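What follows is start_22.csv (CSV, N, CA and C atoms).
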chain,number,residue,atom,x,y,z
Z,1,MET,N,-10.9,20.1,-10.1
Z,1,MET,CA,-9.8,19.7,-10.9
Z,1,MET,C,-9.0,18.5,-10.3
Z,2,GLU,N,-9.1,18.3,-9.0
Z,2,GLU,CA,-8.3,17.3,-8.4
Z,2,GLU,C,-8.7,15.9,-9.0
Z,3,ASN,N,-9.9,15.7,-9.4
Z,3,ASN,CA,-10.3,14.4,-10.0
Z,3,ASN,C,-9.6,14.1,-11.3
Z,4,ASN,N,-8.9,15.1,-11.9
Z,4,ASN,CA,-8.2,14.9,-13.2
Z,4,ASN,C,-6.8,14.3,-12.9
Z,5,ARG,N,-6.3,14.4,-11.7
Z,5,ARG,CA,-5.0,13.9,-11.4
Z,5,ARG,C,-5.0,12.4,-11.3
Z,6,PRO,N,-4.0,11.7,-11.8
Z,6,PRO,CA,-3.9,10.3,-11.6
Z,6,PRO,C,-3.7,9.9,-10.1
Z,7,ARG,N,-4.3,8.8,-9.7
Z,7,ARG,CA,-4.2,8.4,-8.3
Z,7,ARG,C,-3.0,7.3,-8.3
Z,8,VAL,N,-2.0,7.6,-7.5
Z,8,VAL,CA,-0.9,6.7,-7.3
Z,8,VAL,C,-1.1,6.0,-6.0
Z,9,ARG,N,-0.9,4.7,-6.1
Z,9,ARG,CA,-1.1,3.8,-4.9
Z,9,ARG,C,0.2,3.0,-4.8
Z,10,VAL,N,0.6,2.7,-3.5
Z,10,VAL,CA,1.7,1.9,-3.2
Z,10,VAL,C,1.2,0.7,-2.4
Z,11,ALA,N,1.9,-0.4,-2.5
Z,11,ALA,CA,1.7,-1.6,-1.7
Z,11,ALA,C,3.0,-2.3,-1.5
Z,12,GLY,N,3.1,-2.8,-0.3
Z,12,GLY,CA,4.4,-3.5,0.1
Z,12,GLY,C,4.3,-4.9,0.4
Z,13,ILE,N,5.3,-5.7,0.1
Z,13,ILE,CA,5.4,-7.1,0.5
Z,13,ILE,C,6.3,-7.3,1.6
Z,14,LEU,N,5.8,-7.7,2.7
Z,14,LEU,CA,6.6,-8.0,3.9
Z,14,LEU,C,6.5,-9.5,4.1
Z,15,ILE,N,7.7,-10.2,4.0
Z,15,ILE,CA,7.8,-11.6,4.2
Z,15,ILE,C,8.6,-11.9,5.4
Z,16,GLU,N,8.1,-12.7,6.3
Z,16,GLU,CA,8.8,-13.1,7.5
Z,16,GLU,C,8.4,-14.6,7.8
Z,17,ASN,N,9.4,-15.4,8.1
Z,17,ASN,CA,9.2,-16.9,8.3
Z,17,ASN,C,8.4,-17.5,7.2
Z,18,ASP,N,8.7,-17.2,6.0
Z,18,ASP,CA,8.0,-17.7,4.8
Z,18,ASP,C,6.5,-17.4,4.7
Z,19,LYS,N,6.1,-16.3,5.4
Z,19,LYS,CA,4.7,-15.9,5.3
Z,19,LYS,C,4.7,-14.4,4.8
Z,20,ILE,N,3.6,-14.1,4.1
Z,20,ILE,CA,3.4,-12.8,3.5
Z,20,ILE,C,2.3,-12.1,4.4
Z,21,LEU,N,2.6,-10.9,4.8
Z,21,LEU,CA,1.6,-10.1,5.6
Z,21,LEU,C,0.5,-9.5,4.6
Z,22,LEU,N,-0.7,-9.8,5.0
Z,22,LEU,CA,-1.9,-9.3,4.3
Z,22,LEU,C,-2.8,-8.6,5.3
Z,23,ILE,N,-3.6,-7.6,4.8
Z,23,ILE,CA,-4.5,-6.9,5.6
Z,23,ILE,C,-5.9,-7.3,5.2
Z,24,GLU,N,-6.8,-7.6,6.2
Z,24,GLU,CA,-8.2,-8.0,5.8
Z,24,GLU,C,-9.0,-6.7,5.8
Z,25,HIS,N,-9.8,-6.6,4.7
Z,25,HIS,CA,-10.7,-5.4,4.5
Z,25,HIS,C,-12.1,-6.0,4.3
Z,26,SER,N,-13.1,-5.2,4.6
Z,26,SER,CA,-14.5,-5.5,4.5
Z,26,SER,C,-15.2,-4.4,3.7
Z,27,LYS,N,-16.1,-4.8,2.8
Z,27,LYS,CA,-16.9,-3.9,2.1
Z,27,LYS,C,-18.1,-4.6,1.6
Z,28,ASN,N,-19.3,-4.0,1.8
Z,28,ASN,CA,-20.6,-4.6,1.4
Z,28,ASN,C,-20.7,-6.0,1.9
Z,29,ASP,N,-20.4,-6.2,3.2
Z,29,ASP,CA,-20.6,-7.5,3.8
Z,29,ASP,C,-19.7,-8.6,3.3
Z,30,ARG,N,-18.6,-8.2,2.6
Z,30,ARG,CA,-17.6,-9.2,2.0
Z,30,ARG,C,-16.3,-8.8,2.5
Z,31,SER,N,-15.5,-9.8,2.8
Z,31,SER,CA,-14.1,-9.7,3.2
Z,31,SER,C,-13.1,-10.0,2.1
Z,32,TYR,N,-12.0,-9.3,2.1
Z,32,TYR,CA,-11.0,-9.6,1.1
Z,32,TYR,C,-9.6,-9.2,1.7
Z,33,TRP,N,-8.6,-9.7,1.1
Z,33,TRP,CA,-7.2,-9.5,1.7
Z,33,TRP,C,-6.4,-8.7,0.7
Z,34,LEU,N,-5.6,-7.8,1.2
Z,34,LEU,CA,-4.7,-7.0,0.3
Z,34,LEU,C,-3.3,-6.8,1.0
Z,35,LEU,N,-2.3,-6.5,0.2
Z,35,LEU,CA,-1.1,-6.1,0.7
Z,35,LEU,C,-1.2,-4.8,1.4
Z,36,PRO,N,-0.5,-4.5,2.5
Z,36,PRO,CA,-0.5,-3.2,3.1
Z,36,PRO,C,-0.2,-2.1,2.1
Z,37,GLY,N,-0.9,-1.0,2.1
Z,37,GLY,CA,-0.6,0.1,1.2
Z,37,GLY,C,-1.7,1.1,1.1
Z,38,GLY,N,-1.6,2.0,0.2
Z,38,GLY,CA,-2.6,3.0,0.0
Z,38,GLY,C,-2.1,4.1,-0.9
Z,39,GLY,N,-2.8,5.2,-0.9
Z,39,GLY,CA,-2.5,6.3,-1.8
Z,39,GLY,C,-1.3,7.1,-1.4
Z,40,VAL,N,-0.6,7.7,-2.4
Z,40,VAL,CA,0.5,8.6,-2.2
Z,40,VAL,C,0.0,10.0,-2.1
Z,41,ASP,N,0.3,10.7,-1.0
Z,41,ASP,CA,0.0,12.1,-0.8
Z,41,ASP,C,0.8,13.0,-1.7
Z,42,TRP,N,0.2,14.1,-2.0
Z,42,TRP,CA,0.9,15.1,-2.9
Z,42,TRP,C,2.3,15.5,-2.2
Z,43,GLY,N,3.4,15.5,-3.0
Z,43,GLY,CA,4.7,15.8,-2.5
Z,43,GLY,C,5.4,14.7,-1.7
Z,44,GLU,N,4.8,13.6,-1.6
Z,44,GLU,CA,5.4,12.5,-0.8
Z,44,GLU,C,6.0,11.5,-1.8
Z,45,THR,N,7.2,10.9,-1.5
Z,45,THR,CA,7.8,9.9,-2.3
Z,45,THR,C,7.0,8.6,-2.1
Z,46,THR,N,7.2,7.7,-3.1
Z,46,THR,CA,6.5,6.4,-2.9
Z,46,THR,C,7.1,5.6,-1.7
Z,47,GLU,N,8.4,5.8,-1.4
Z,47,GLU,CA,8.9,5.2,-0.3
Z,47,GLU,C,8.3,5.7,1.0
Z,48,GLU,N,8.2,7.0,1.1
Z,48,GLU,CA,7.6,7.7,2.3
Z,48,GLU,C,6.1,7.2,2.4
Z,49,ALA,N,5.4,7.1,1.3
Z,49,ALA,CA,4.0,6.7,1.4
Z,49,ALA,C,3.9,5.3,1.9
Z,50,LEU,N,4.7,4.4,1.4
Z,50,LEU,CA,4.7,3.0,1.8
Z,50,LEU,C,5.0,2.8,3.3
Z,51,GLU,N,6.0,3.5,3.7
Z,51,GLU,CA,6.4,3.4,5.1
Z,51,GLU,C,5.3,4.0,6.0
Z,52,ARG,N,4.6,5.1,5.6
Z,52,ARG,CA,3.5,5.7,6.3
Z,52,ARG,C,2.3,4.7,6.4
Z,53,GLU,N,2.0,4.2,5.2
Z,53,GLU,CA,0.8,3.3,5.1
Z,53,GLU,C,1.1,2.0,6.0
Z,54,PHE,N,2.3,1.5,6.0
Z,54,PHE,CA,2.6,0.3,6.9
Z,54,PHE,C,2.3,0.7,8.4
Z,55,LEU,N,2.8,1.9,8.8
Z,55,LEU,CA,2.6,2.3,10.1
Z,55,LEU,C,1.2,2.5,10.5
Z,56,GLU,N,0.4,3.1,9.6
Z,56,GLU,CA,-1.0,3.4,9.8
Z,56,GLU,C,-1.8,2.1,9.9
Z,57,GLU,N,-1.5,1.1,9.0
Z,57,GLU,CA,-2.3,-0.1,8.9
Z,57,GLU,C,-1.9,-1.2,9.8
Z,58,THR,N,-0.6,-1.3,10.1
Z,58,THR,CA,-0.1,-2.4,10.9
Z,58,THR,C,0.6,-2.0,12.2
Z,59,ASN,N,0.9,-0.7,12.4
Z,59,ASN,CA,1.7,-0.2,13.5
Z,59,ASN,C,3.1,-0.7,13.5
Z,60,LEU,N,3.6,-1.1,12.3
Z,60,LEU,CA,5.0,-1.5,12.1
Z,60,LEU,C,5.8,-0.4,11.4
Z,61,VAL,N,7.0,-0.2,11.9
Z,61,VAL,CA,7.9,0.7,11.3
Z,61,VAL,C,8.8,-0.1,10.3
Z,62,VAL,N,8.7,0.2,9.1
Z,62,VAL,CA,9.4,-0.5,8.0
Z,62,VAL,C,10.3,0.4,7.2
Z,63,LYS,N,11.3,-0.1,6.6
Z,63,LYS,CA,12.2,0.6,5.7
Z,63,LYS,C,12.1,0.0,4.3
Z,64,THR,N,11.8,0.7,3.3
Z,64,THR,CA,11.7,0.2,1.9
Z,64,THR,C,13.1,-0.3,1.5
Z,65,GLU,N,13.1,-1.5,1.0
Z,65,GLU,CA,14.4,-2.0,0.5
Z,65,GLU,C,14.6,-2.1,-1.0
Z,66,GLU,N,13.5,-2.4,-1.7
Z,66,GLU,CA,13.6,-2.6,-3.1
Z,66,GLU,C,12.3,-2.2,-3.8
Z,67,PHE,N,12.4,-1.5,-4.9
Z,67,PHE,CA,11.2,-1.2,-5.8
Z,67,PHE,C,11.1,-2.3,-6.7
Z,68,LEU,N,9.9,-3.0,-6.8
Z,68,LEU,CA,9.7,-4.2,-7.6
Z,68,LEU,C,9.1,-3.9,-8.9
Z,69,PHE,N,8.0,-3.2,-9.0
Z,69,PHE,CA,7.3,-2.9,-10.3
Z,69,PHE,C,6.3,-1.8,-10.2
Z,70,MET,N,5.9,-1.3,-11.3
Z,70,MET,CA,4.8,-0.3,-11.4
Z,70,MET,C,3.8,-0.8,-12.5
Z,71,SER,N,2.6,-0.6,-12.2
Z,71,SER,CA,1.5,-1.1,-13.0
Z,71,SER,C,0.6,0.1,-13.3
Z,72,GLU,N,0.0,0.1,-14.5
Z,72,GLU,CA,-0.9,1.2,-14.9
Z,72,GLU,C,-2.3,0.6,-15.2
Z,73,THR,N,-3.3,1.2,-14.6
Z,73,THR,CA,-4.7,0.8,-14.9
Z,73,THR,C,-5.4,2.0,-15.5
Z,74,LEU,N,-6.1,1.8,-16.6
Z,74,LEU,CA,-6.8,2.9,-17.2
Z,74,LEU,C,-8.3,2.8,-16.9

Step by step, read the file and then write its structure as structure tokens.
Amino acid sequence: MENNRPRVRVAGILIENDKILLIEHSKNDRSYWLLPGGGVDWGETTEEALEREFLEETNLVVKTEEFLFMSETL
């Protein structure tokens, strides 16, 4: 039944010195760049998820300042 739940993902924009932080990922011998982020765990707020994902992916402690937008993909 867990596959019937929607998957909620967060991503954060960190700008410093006019530069945006991106994370390099690799899959099937190809590289691509994404904003830091990932899935929201059950019972976790989007802010908590974003802050946890930043720590996991970048080892940076961040504080969410502003919610920008939400997008839905079917």

I need the residues in chain Z that are strand (DSSP E or B) according to DSSP; give them as a list in words. Arg9, Val10, Ala11, Ile15, Glu16, Lys19, Ile20, Ile23, Glu24, His25, Ser26, Lys27, Arg30, Ser31, Tyr32, Trp33, Leu34, Gly37, Gly38 and Gly39 of chain Z

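Considering only C-alpha atoms, the residue among Z:Ile20, Z:Val40, Z:Glu53, Z:Glu47 positioned nearest to Z:Leu68 is Z:Glu47.
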
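As for atom CA of Z:Gly39 and atom CA of Z:Arg7, they are spaced 7.0 Å apart.
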
For atom N of Z:Asn59 and atom N of Z:Asp29, determine how far apart the two atoms are, in Å to one decimal place.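 Distance between the two atoms: 23.8 Å.
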
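Across the structure, atom CA of Z:Glu44 and atom CA of Z:Leu14 are spaced 21.1 Å apart.
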
Determine, counting only C-alpha atoms, which protein, DNA and RNA residues have an atom within 12 Å of an atom of Z:Gly38; residues of the same chain fewer than 5 positions away are not included. Present the result as a PyMOL selection string. chain Z and resi 7-12+23+46-57

Z:Thr45 proximity check over Z:Arg5, Z:Ile15, Z:Asn28, Z:Thr64, using only C-alpha atoms: winner is Z:Thr64

Nearest residue to Z:Leu35 from the set Z:Phe67, Z:Leu22, Z:Val62, Z:Asn4 (distances using only C-alpha atoms): Z:Leu22

Going by DSSP on the backbone, which bits of stretch 14-62 of chain Z are alpha helix (DSSP H)? Write them as a list in words, please.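 Restricting stretch 14-62 of chain Z to alpha helix (DSSP H) produces Thr46, Glu47, Glu48, Ala49, Leu50, Glu51, Arg52, Glu53, Phe54, Leu55, Glu56, Glu57 and Thr58 of chain Z.
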
Would you mind exporting N, CA and C atoms of the selected residues as a PDB file, in the frame of the given file?
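Wrote selection-v5.pdb, looks like this:
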ATOM      1  N   THR Z  46       7.200   7.700  -3.100  1.00  0.00           N
ATOM      2  CA  THR Z  46       6.500   6.400  -2.900  1.00  0.00           C
ATOM      3  C   THR Z  46       7.100   5.600  -1.700  1.00  0.00           C
ATOM      4  N   GLU Z  47       8.400   5.800  -1.400  1.00  0.00           N
ATOM      5  CA  GLU Z  47       8.900   5.200  -0.300  1.00  0.00           C
ATOM      6  C   GLU Z  47       8.300   5.700   1.000  1.00  0.00           C
ATOM      7  N   GLU Z  48       8.200   7.000   1.100  1.00  0.00           N
ATOM      8  CA  GLU Z  48       7.600   7.700   2.300  1.00  0.00           C
ATOM      9  C   GLU Z  48       6.100   7.200   2.400  1.00  0.00           C
ATOM     10  N   ALA Z  49       5.400   7.100   1.300  1.00  0.00           N
ATOM     11  CA  ALA Z  49       4.000   6.700   1.400  1.00  0.00           C
ATOM     12  C   ALA Z  49       3.900   5.300   1.900  1.00  0.00           C
ATOM     13  N   LEU Z  50       4.700   4.400   1.400  1.00  0.00           N
ATOM     14  CA  LEU Z  50       4.700   3.000   1.800  1.00  0.00           C
ATOM     15  C   LEU Z  50       5.000   2.800   3.300  1.00  0.00           C
ATOM     16  N   GLU Z  51       6.000   3.500   3.700  1.00  0.00           N
ATOM     17  CA  GLU Z  51       6.400   3.400   5.100  1.00  0.00           C
ATOM     18  C   GLU Z  51       5.300   4.000   6.000  1.00  0.00           C
ATOM     19  N   ARG Z  52       4.600   5.100   5.600  1.00  0.00           N
ATOM     20  CA  ARG Z  52       3.500   5.700   6.300  1.00  0.00           C
ATOM     21  C   ARG Z  52       2.300   4.700   6.400  1.00  0.00           C
ATOM     22  N   GLU Z  53       2.000   4.200   5.200  1.00  0.00           N
ATOM     23  CA  GLU Z  53       0.800   3.300   5.100  1.00  0.00           C
ATOM     24  C   GLU Z  53       1.100   2.000   6.000  1.00  0.00           C
ATOM     25  N   PHE Z  54       2.300   1.500   6.000  1.00  0.00           N
ATOM     26  CA  PHE Z  54       2.600   0.300   6.900  1.00  0.00           C
ATOM     27  C   PHE Z  54       2.300   0.700   8.400  1.00  0.00           C
ATOM     28  N   LEU Z  55       2.800   1.900   8.800  1.00  0.00           N
ATOM     29  CA  LEU Z  55       2.600   2.300  10.100  1.00  0.00           C
ATOM     30  C   LEU Z  55       1.200   2.500  10.500  1.00  0.00           C
ATOM     31  N   GLU Z  56       0.400   3.100   9.600  1.00  0.00           N
ATOM     32  CA  GLU Z  56      -1.000   3.400   9.800  1.00  0.00           C
ATOM     33  C   GLU Z  56      -1.800   2.100   9.900  1.00  0.00           C
ATOM     34  N   GLU Z  57      -1.500   1.100   9.000  1.00  0.00           N
ATOM     35  CA  GLU Z  57      -2.300  -0.100   8.900  1.00  0.00           C
ATOM     36  C   GLU Z  57      -1.900  -1.200   9.800  1.00  0.00           C
ATOM     37  N   THR Z  58      -0.600  -1.300  10.100  1.00  0.00           N
ATOM     38  CA  THR Z  58      -0.100  -2.400  10.900  1.00  0.00           C
ATOM     39  C   THR Z  58       0.600  -2.000  12.200  1.00  0.00           C
TER      40      THR Z  58
END

As lines of an AutoDock Vina configuration file, what would the box around stretch 38-44 of chain Z look like: edges along x, y and z, 8 Å added on every side, centre and edge lengths in Å to one decimal?
center_x = 1.6
center_y = 8.9
center_z = -1.4
size_x = 24.8
size_y = 29.8
size_z = 19.2

Determine, counting only C-alpha atoms, which protein, DNA and RNA residues have an atom within 12 Å of an atom of Z:His25; residues of the same chain fewer than 6 positions away are not included. Present the result as a ChimeraX atom specification. /Z:31-37,57
